[in-house]
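**Student:** Enclosed is the structure file query-v5.cif (mmCIF, C-alpha atoms).
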data_coords
loop_
_atom_site.label_atom_id
_atom_site.label_comp_id
_atom_site.auth_asym_id
_atom_site.auth_seq_id
_atom_site.Cartn_x
_atom_site.Cartn_y
_atom_site.Cartn_z
CA MET A 1 -83.28 -29.41 213.61
CA SER A 2 -82.50 -26.89 216.32
CA VAL A 3 -85.09 -24.27 215.26
CA ARG A 4 -88.76 -25.27 215.33
CA VAL A 5 -90.74 -23.34 212.72
CA GLY A 6 -94.04 -24.41 214.29
CA GLU A 7 -95.60 -27.54 215.68
CA TRP A 8 -97.95 -27.77 212.71
CA PHE A 9 -95.00 -28.36 210.38
CA TYR A 10 -93.99 -31.52 212.22
CA VAL A 11 -95.56 -34.96 212.02
CA TRP A 12 -94.99 -37.81 214.47
CA MET A 13 -93.45 -41.01 213.10
CA PRO A 14 -94.74 -43.80 215.39
CA MET A 15 -92.39 -46.57 214.25
CA ALA A 16 -89.19 -44.53 214.54
CA GLY A 17 -90.45 -42.61 217.56
CA THR A 18 -89.44 -39.20 216.22
CA GLU A 19 -90.92 -36.06 214.68
CA ILE A 20 -90.20 -35.10 211.06
CA PHE A 21 -90.46 -31.73 209.33
CA TRP A 22 -93.10 -32.79 206.78
CA PRO A 23 -92.55 -29.92 204.25
CA GLY A 24 -89.02 -31.30 204.00
CA LEU A 25 -90.47 -34.67 202.98
CA VAL A 26 -92.58 -32.99 200.26
CA ILE A 27 -89.58 -31.03 198.95
CA LEU A 28 -87.40 -34.14 199.01
CA GLY A 29 -90.04 -36.27 197.26
CA PHE A 30 -90.80 -33.66 194.60
CA GLY A 31 -87.13 -32.94 193.91
CA VAL A 32 -86.17 -36.61 193.72
CA GLY A 33 -89.22 -37.23 191.50
CA VAL A 34 -88.17 -34.51 189.05
CA ILE A 35 -84.56 -35.72 189.03
CA GLY A 36 -85.58 -39.37 188.70
CA GLY A 37 -88.08 -38.67 185.94
CA PHE A 38 -85.53 -36.65 184.00
CA PHE A 39 -82.43 -38.82 184.40
CA GLY A 40 -84.17 -42.21 184.59
CA ILE A 41 -82.70 -42.99 188.02
CA GLY A 42 -84.49 -43.68 191.27
CA GLY A 43 -82.81 -40.96 193.29
CA GLY A 44 -82.35 -43.22 196.32
CA TRP A 45 -78.79 -41.95 196.62
CA MET A 46 -80.33 -38.57 197.53
CA ALA A 47 -83.58 -39.66 199.20
CA THR A 48 -82.14 -42.08 201.76
CA PRO A 49 -79.48 -39.73 203.16
CA GLY A 50 -82.04 -36.91 202.90
CA LEU A 51 -84.49 -38.86 205.08
CA ASN A 52 -81.68 -39.64 207.50
CA LEU A 53 -80.70 -35.98 207.67
CA LEU A 54 -84.34 -35.02 208.29
CA GLY A 55 -84.27 -37.16 211.40
CA LEU A 56 -85.11 -40.78 210.51
CA PRO A 57 -82.59 -43.38 211.76
CA MET A 58 -80.65 -44.90 208.86
CA ALA A 59 -82.47 -48.26 208.88
CA PHE A 60 -85.83 -46.46 208.80
CA ALA A 61 -84.58 -44.10 206.07
CA ILE A 62 -83.67 -47.09 203.88
CA GLY A 63 -86.98 -48.89 204.42
CA THR A 64 -89.06 -45.74 203.89
CA ASP A 65 -87.24 -44.75 200.71
CA LEU A 66 -87.64 -48.25 199.26
CA THR A 67 -91.39 -48.08 199.93
CA HIS A 68 -91.84 -44.73 198.19
CA MET A 69 -89.50 -45.85 195.37
CA ALA A 70 -91.64 -48.92 194.68
CA GLY A 71 -94.73 -46.75 194.18
CA LYS A 72 -92.96 -44.46 191.72
CA SER A 73 -91.50 -47.37 189.76
CA ILE A 74 -94.85 -49.13 189.34
CA ILE A 75 -96.33 -46.01 187.73
CA SER A 76 -93.30 -45.54 185.47
CA THR A 77 -93.24 -49.22 184.48
CA PHE A 78 -96.81 -49.07 183.18
CA ARG A 79 -95.91 -46.02 181.11
CA HIS A 80 -92.83 -47.68 179.56
CA ALA A 81 -94.74 -50.91 178.97
CA ARG A 82 -97.16 -49.07 176.67
CA PHE A 83 -94.20 -48.28 174.42
CA GLY A 84 -92.85 -51.86 174.49
CA ASN A 85 -89.77 -50.89 176.52
CA VAL A 86 -90.05 -53.63 179.16
CA ASP A 87 -88.59 -57.12 178.75
CA TYR A 88 -90.56 -58.95 181.42
CA ARG A 89 -88.68 -62.21 180.94
CA LEU A 90 -85.31 -60.54 181.49
CA GLY A 91 -86.63 -58.61 184.48
CA ALA A 92 -88.11 -61.75 186.05
CA THR A 93 -84.79 -63.58 185.59
CA MET A 94 -82.90 -60.77 187.28
CA VAL A 95 -85.36 -60.77 190.17
CA LEU A 96 -84.12 -64.22 191.22
CA GLY A 97 -80.73 -62.73 191.99
CA THR A 98 -82.11 -59.42 193.23
CA VAL A 99 -84.26 -60.94 195.98
CA CYS A 100 -81.34 -62.98 197.34
CA GLY A 101 -78.99 -60.00 197.16
CA PHE A 102 -81.59 -57.71 198.69
CA GLU A 103 -82.12 -59.94 201.70
CA ALA A 104 -78.35 -60.17 202.16
CA GLY A 105 -78.11 -56.37 202.13
CA ALA A 106 -81.01 -55.99 204.58
CA GLN A 107 -79.47 -58.55 206.93
CA THR A 108 -76.17 -56.62 206.72
CA VAL A 109 -78.01 -53.48 207.85
CA MET A 110 -79.66 -55.35 210.74
CA TRP A 111 -76.27 -56.78 211.76
CA LEU A 112 -74.63 -53.34 211.68
CA GLU A 113 -77.57 -51.94 213.65
CA ARG A 114 -77.04 -54.54 216.40
CA LEU A 115 -73.37 -53.55 216.52
CA GLY A 116 -74.33 -49.89 216.70
CA LYS A 117 -72.34 -49.16 213.52
CA VAL A 118 -75.09 -48.80 210.90
CA GLU A 119 -75.01 -44.98 210.83
CA LEU A 120 -71.23 -44.84 210.41
CA TYR A 121 -70.67 -47.58 207.84
CA VAL A 122 -73.71 -46.91 205.65
CA ARG A 123 -72.80 -43.23 205.48
CA LEU A 124 -69.23 -44.11 204.56
CA ALA A 125 -70.56 -46.43 201.84
CA TYR A 126 -72.70 -43.57 200.55
CA LEU A 127 -69.69 -41.28 200.35
CA VAL A 128 -67.85 -43.88 198.24
CA LEU A 129 -70.90 -44.34 195.98
CA LEU A 130 -71.41 -40.59 195.52
CA ALA A 131 -67.73 -40.12 194.71
CA ALA A 132 -67.99 -42.83 192.04
CA ILE A 133 -71.12 -41.21 190.56
CA ALA A 134 -69.51 -37.76 190.46
CA ARG A 135 -66.38 -39.18 188.83
CA ALA A 136 -68.40 -40.96 186.13
CA ILE A 137 -70.42 -37.84 185.31
CA LEU A 138 -67.32 -35.63 185.19
CA ALA A 139 -65.60 -38.12 182.86
CA ASP A 140 -68.66 -38.07 180.57
CA LEU A 141 -68.72 -34.25 180.57
CA ARG A 142 -65.01 -34.06 179.72
CA THR A 143 -65.46 -36.55 176.88
CA ARG A 144 -68.38 -34.62 175.41
CA ARG A 145 -66.53 -31.33 175.71
CA ARG A 146 -63.58 -32.67 173.75
CA SER A 147 -65.66 -34.25 171.00
CA PRO A 148 -69.12 -33.21 169.74
CA THR A 149 -69.76 -36.74 168.44
CA PRO A 150 -70.85 -39.60 170.76
CA GLN A 151 -67.92 -41.53 172.24
CA PRO A 152 -67.87 -45.11 173.58
CA ALA A 153 -68.41 -45.33 177.30
CA PHE A 154 -65.45 -47.70 177.76
CA GLY A 155 -62.05 -48.08 176.17
CA PRO A 156 -61.31 -50.78 173.57
CA LYS A 157 -59.84 -53.23 176.11
CA SER A 158 -62.82 -52.93 178.45
CA SER A 159 -65.23 -53.36 175.55
CA VAL A 160 -63.50 -56.60 174.54
CA VAL A 161 -63.70 -57.93 178.10
CA LEU A 162 -67.40 -57.11 178.35
CA ALA A 163 -68.06 -58.81 175.01
CA LYS A 164 -66.26 -61.96 176.15
CA ILE A 165 -68.27 -62.08 179.37
CA ARG A 166 -71.49 -61.72 177.38
CA GLU A 167 -70.46 -64.58 175.08
CA ILE A 168 -69.87 -67.09 177.91
CA GLU A 169 -72.18 -70.03 177.19
CA LEU A 170 -72.82 -71.44 180.64
CA PRO A 171 -76.10 -73.43 180.49
CA PRO A 172 -78.90 -72.77 180.48
CA MET A 173 -78.85 -70.22 177.65
CA LEU A 174 -81.90 -67.95 177.34
CA GLU A 175 -83.39 -65.78 174.61
CA PHE A 176 -84.86 -62.38 175.49
CA PRO A 177 -86.80 -61.30 172.37
CA GLN A 178 -87.88 -57.86 173.59
CA ALA A 179 -84.27 -56.92 174.39
CA GLY A 180 -82.97 -58.79 171.33
CA ILE A 181 -80.24 -60.63 173.23
CA ARG A 182 -79.17 -64.19 174.04
CA CYS A 183 -77.03 -64.93 177.09
CA SER A 184 -76.41 -67.33 179.95
CA PHE A 185 -79.10 -67.50 182.58
CA TRP A 186 -76.45 -66.78 185.23
CA LEU A 187 -75.40 -63.40 183.79
CA PRO A 188 -78.61 -61.45 184.55
CA VAL A 189 -78.90 -63.34 187.86
CA ALA A 190 -75.40 -62.13 188.81
CA VAL A 191 -76.28 -58.55 187.87
CA GLY A 192 -79.43 -58.80 189.99
CA LEU A 193 -77.50 -60.29 192.92
CA LEU A 194 -74.98 -57.43 193.04
CA THR A 195 -77.49 -54.62 192.58
CA GLY A 196 -79.91 -56.30 195.00
CA TRP A 197 -77.26 -56.31 197.72
CA LEU A 198 -76.59 -52.61 197.15
CA CYS A 199 -80.35 -51.91 197.23
CA GLY A 200 -80.77 -53.69 200.54
CA LEU A 201 -77.67 -52.10 202.07
CA LEU A 202 -78.04 -48.51 200.86
CA GLY A 203 -81.75 -48.22 200.09
CA ILE A 204 -81.19 -47.35 196.42
CA GLY A 205 -83.03 -48.64 193.39
CA GLY A 206 -79.82 -49.87 191.79
CA GLY A 207 -80.51 -48.17 188.45
CA LEU A 208 -77.20 -46.31 188.56
CA ILE A 209 -75.49 -49.68 188.25
CA ARG A 210 -78.14 -51.91 186.69
CA VAL A 211 -78.92 -49.76 183.63
CA PRO A 212 -75.24 -49.53 182.53
CA ALA A 213 -74.87 -53.27 183.22
CA LEU A 214 -77.89 -54.07 181.04
CA ILE A 215 -76.58 -51.86 178.23
CA TYR A 216 -72.86 -52.62 178.22
CA LEU A 217 -72.70 -56.09 179.76
CA LEU A 218 -75.88 -57.73 178.46
CA GLY A 219 -76.17 -55.63 175.29
CA CYS A 220 -79.73 -54.30 175.80
CA PRO A 221 -80.97 -51.30 173.81
CA THR A 222 -81.01 -48.23 176.04
CA HIS A 223 -84.78 -47.74 176.07
CA VAL A 224 -85.36 -51.41 176.94
CA ALA A 225 -82.70 -51.24 179.65
CA VAL A 226 -84.45 -48.28 181.29
CA GLY A 227 -87.92 -49.84 181.09
CA THR A 228 -86.75 -53.25 182.29
CA ASP A 229 -84.83 -51.65 185.14
CA LEU A 230 -87.97 -49.81 186.28
CA PHE A 231 -89.85 -53.13 186.24
CA GLU A 232 -87.05 -54.68 188.28
CA VAL A 233 -87.04 -51.75 190.73
CA ALA A 234 -90.81 -52.06 191.16
CA ILE A 235 -90.55 -55.74 192.11
CA SER A 236 -87.43 -55.44 194.25
CA GLY A 237 -88.81 -52.26 195.82
CA LEU A 238 -92.02 -54.04 196.82
CA TYR A 239 -89.98 -56.88 198.29
CA GLY A 240 -87.70 -54.40 200.04
CA ALA A 241 -90.67 -52.50 201.43
CA ALA A 242 -92.18 -55.76 202.67
CA THR A 243 -89.00 -57.06 204.33
CA TYR A 244 -88.17 -53.74 205.98
CA THR A 245 -91.78 -53.32 207.12
CA TYR A 246 -91.70 -56.85 208.57
CA LYS A 247 -88.54 -55.88 210.43
CA GLY A 248 -90.32 -52.76 211.73
CA ARG A 249 -88.07 -50.33 209.85
CA THR A 250 -90.52 -48.54 207.56
CA GLU A 251 -92.43 -45.30 208.15
CA LEU A 252 -95.44 -45.56 205.83
CA VAL A 253 -96.61 -42.03 206.70
CA ALA A 254 -93.31 -40.55 205.53
CA ALA A 255 -93.35 -42.73 202.39
CA LEU A 256 -96.87 -41.55 201.48
CA ILE A 257 -95.97 -37.87 202.00
CA MET A 258 -92.90 -38.30 199.79
CA LEU A 259 -94.90 -40.18 197.15
CA VAL A 260 -97.32 -37.26 196.78
CA GLY A 261 -94.47 -34.93 195.89
CA ALA A 262 -92.60 -37.55 193.87
CA SER A 263 -95.60 -38.37 191.66
CA ALA A 264 -95.97 -34.75 190.57
CA GLY A 265 -92.22 -34.29 190.21
CA ALA A 266 -91.77 -37.41 188.10
CA GLN A 267 -94.36 -36.19 185.57
CA ILE A 268 -92.49 -32.90 185.17
CA GLY A 269 -89.12 -34.65 184.94
CA CYS A 270 -90.28 -37.02 182.20
CA VAL A 271 -91.72 -34.25 180.03
CA ALA A 272 -88.74 -31.95 180.68
CA THR A 273 -86.39 -34.26 178.78
CA LYS A 274 -87.94 -32.88 175.61
CA TYR A 275 -86.80 -29.35 176.35
CA VAL A 276 -83.78 -29.35 178.67
CA HIS A 277 -80.20 -29.61 177.41
CA GLY A 278 -78.76 -32.68 179.11
CA TYR A 279 -75.16 -31.41 179.22
CA ARG A 280 -76.04 -28.47 181.45
CA ILE A 281 -78.19 -30.56 183.78
CA ARG A 282 -75.45 -33.19 184.14
CA ALA A 283 -73.08 -30.42 185.20
CA LEU A 284 -75.59 -29.34 187.84
CA LEU A 285 -76.02 -32.96 188.89
CA VAL A 286 -72.32 -33.14 189.74
CA VAL A 287 -72.82 -30.16 192.08
CA ALA A 288 -75.82 -31.87 193.67
CA VAL A 289 -73.91 -35.13 194.18
CA ALA A 290 -70.96 -33.27 195.70
CA GLY A 291 -73.27 -31.30 197.97
CA CYS A 292 -75.02 -34.49 199.07
CA ALA A 293 -71.62 -35.95 199.95
CA VAL A 294 -70.76 -32.81 201.97
CA SER A 295 -74.06 -33.15 203.87
CA ILE A 296 -73.30 -36.75 204.79
CA ALA A 297 -69.74 -35.81 205.77
CA LEU A 298 -71.09 -33.11 208.10
CA LYS A 299 -73.36 -35.69 209.70
CA LEU A 300 -70.39 -38.04 210.15
CA VAL A 301 -68.33 -35.30 211.79
CA GLY A 302 -71.22 -34.63 214.17
CA THR A 303 -71.31 -38.32 215.10
CA VAL A 304 -67.59 -38.44 215.86
CA GLN A 305 -67.50 -35.00 217.52
CA PRO A 306 -70.65 -34.48 219.64
CA ARG A 307 -69.76 -30.85 220.36
CA GLY A 308 -71.51 -28.79 217.69
CA ALA A 309 -73.36 -31.86 216.34
CA GLN A 310 -76.74 -30.07 216.49
CA LEU A 311 -75.45 -27.18 214.38
CA LEU A 312 -73.88 -29.56 211.86
CA GLN A 313 -77.18 -31.47 211.68
CA SER A 314 -79.08 -28.27 210.89
CA VAL A 315 -76.56 -27.18 208.23
CA ALA A 316 -76.58 -30.64 206.63
CA THR A 317 -80.40 -30.74 206.53
CA VAL A 318 -80.68 -27.29 204.95
CA LEU A 319 -77.95 -28.12 202.42
CA ILE A 320 -79.50 -31.38 201.16
CA LEU A 321 -82.97 -29.85 200.84
CA ALA A 322 -81.57 -26.77 199.08
CA LEU A 323 -79.63 -28.94 196.62
CA VAL A 324 -82.58 -31.15 195.71
CA ALA A 325 -84.94 -28.17 195.45
CA GLY A 326 -82.40 -26.13 193.47
CA LEU A 327 -81.75 -28.85 190.91
CA ALA A 328 -85.47 -29.54 190.52
CA ALA A 329 -86.14 -25.79 190.15
CA GLU A 330 -83.53 -25.49 187.40
CA ILE A 331 -85.06 -28.39 185.46
CA LEU A 332 -88.49 -26.82 185.92
CA ARG A 333 -87.21 -23.43 184.75
CA GLN A 334 -85.67 -24.91 181.63
CA PHE A 335 -88.88 -26.87 181.03
CA ILE A 336 -91.05 -23.72 181.21
CA ARG A 337 -88.67 -21.84 178.91
CA GLY A 338 -88.73 -24.72 176.42
CA VAL A 339 -92.54 -24.80 176.41
CA ARG A 340 -92.68 -21.05 175.82
CA GLN A 341 -90.20 -21.25 172.95
CA GLU A 342 -92.14 -24.12 171.39
CA ARG A 343 -95.38 -22.18 171.58
CA ALA A 344 -93.72 -19.20 169.93
CA THR A 345 -92.84 -21.26 166.83
CA PRO A 346 -95.26 -21.48 163.87
CA VAL A 347 -95.84 -25.18 164.59
CA GLY A 348 -96.72 -24.46 168.20
CA GLN A 349 -99.03 -21.63 167.23
CA ALA A 350 -100.78 -23.83 164.68
CA ALA A 351 -101.26 -26.57 167.29
CA ARG A 352 -102.82 -24.12 169.71
CA GLY A 353 -105.09 -22.78 166.96
CA ALA A 354 -106.27 -26.31 166.14
CA ARG A 355 -107.30 -26.79 169.77
#
Could you render the structure as structure tokens?
**Tutor:**
Amino acid sequence: MSVRVGEWFYVWMPMAGTEIFWPGLVILGFGVGVIGGFFGIGGGWMATPGLNLLGLPMAFAIGTDLTHMAGKSIISTFRHARFGNVDYRLGATMVLGTVCGFEAGAQTVMWLERLGKVELYVRLAYLVLLAAIARAILADLRTRRRSPTPQPAFGPKSSVVLAKIREIELPPMLEFPQAGIRCSFWLPVAVGLLTGWLCGLLGIGGGLIRVPALIYLLGCPTHVAVGTDLFEVAISGLYGAATYTYKGRTELVAALIMLVGASAGAQIGCVATKYVHGYRIRALLVVAVAGCAVSIALKLVGTVQPRGAQLLQSVATVLILALVAGLAAEILRQFIRGVRQERATPVGQAARGAR
């Protein structure tokens, strides 16, 4: 950033050899924690570019985000496990593919770094991913606006194809009692391989792809898909943190600062699902995704055109932090309003009287 608020607001990152505006890390961690707790996604698609925009090189941003993501997922997995929402056998099977895919993604990043192209190509990949996310959310919003009743996520032809893939009996066949499904061993391994590669390449948890794959491809109940995905993210995140740390591409100080904010934010996000109307938040999420894409695009322009790059960097940093903080603030506002309305009801008043 071009304007230094004060030396006290900056912390030195010894591995990356740069200074970071630490309040930005807290805001980013808290915002991503709220968003992740509410939507059931890791938020790596915002955290990794956010870390990069705050000043960490892309490889360090990926490794640091994976480290902080692993900590969040371990806490969330224990919570879901108490409700029986984790199929450990399915998650362990997927890990076999995830670890291989993850290492392939990490090696791709190292290769691009040696070529001096990691910043350009990873940012371009992020723009494609964010565009796909925004398109999926907009399609869901349009569907819900047209019909008040739940609609299938895919058309009839796609549903038939997915069913046929699920019914392929390529030995060995496995039973997953907690998820209530039976499928080929190679199907969850393939899902883990693809999402693992994306995790290693982009520094994301993979939940944006893995949860839909577990639901629509493997046929898992939604709550089991979310819990199992968190278990998978915890394991793959720990592996990712270890491999990136071994390669010297992890800033543990930054990860710990983010984890402090993320832990508090995740608690709020989880509870907020009881009070906040999901349609409105999804609409705001589209704005956040689009804004994140604009921030990355500004950074790309600054890379190609050095003149004015410092100004573009400052604008991009302010924009990503404002988007994450704004979305988290809106969820928090709706949460507080919902709590107040609940307390105003006779049931809420009786509960308070009993205490």
**Student:** May I have the residues within 10 Å of Val294 of chain A as a ChimeraX atom specification, using only C-alpha atoms and disregarding those fewer than 3 positions away in the same chain?
**Tutor:** /A:127,288-291,297-300,316,319-320
**Student:** For the selection you just gave me, I'd like the residues written to a file as a JSON list (two decimals), in the frame of the given file, keeping C-alpha atoms.
**Tutor:**
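The file below, selection.json, is the result:
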[["chain", "number", "residue", "atom", "x", "y", "z"],
["A", 127, "LEU", "CA", -69.69, -41.28, 200.35],
["A", 288, "ALA", "CA", -75.82, -31.87, 193.67],
["A", 289, "VAL", "CA", -73.91, -35.13, 194.18],
["A", 290, "ALA", "CA", -70.96, -33.27, 195.70],
["A", 291, "GLY", "CA", -73.27, -31.30, 197.97],
["A", 297, "ALA", "CA", -69.74, -35.81, 205.77],
["A", 298, "LEU", "CA", -71.09, -33.11, 208.10],
["A", 299, "LYS", "CA", -73.36, -35.69, 209.70],
["A", 300, "LEU", "CA", -70.39, -38.04, 210.15],
["A", 316, "ALA", "CA", -76.58, -30.64, 206.63],
["A", 319, "LEU", "CA", -77.95, -28.12, 202.42],
["A", 320, "ILE", "CA", -79.50, -31.38, 201.16]]
**Student:** As a check of understanding, name the residues that the PyMOL selection byres ((chain A and resi 235-249) around 9) selects in the supplied structure, as a ChimeraX atom specification.
**Tutor:** /A:15-16,59-71,73-74,92,95,98-99,102-103,106,110,196,199-200,203,205,230-234,250-252
**Student:** Can you tell me how far atom CA of Asp87 of chain A sits from atom CA of Gln178 of chain A, in Å to one decimal?
**Tutor:**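 Going from atom CA of Asp87 of chain A over to atom CA of Gln178 of chain A, I get 5.3 Å.
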**Student:** Would you translate the PyMOL selection byres ((chain A and resi 170) around 8) into the concrete set of residues it matches in this file, as number ranges by chain?
**Tutor:** A: 168-169, 171-173, 184-186
**Student:** For Lys274 of chain A, which residue among A:Glu342, A:Glu330, A:Asp229, A:Glu119 is the nearest when counting all atoms listed in the file?
**Tutor:**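 Going through A:Glu342, A:Glu330, A:Asp229, A:Glu119 one by one, the smallest distance to Lys274 of chain A is for A:Glu342.
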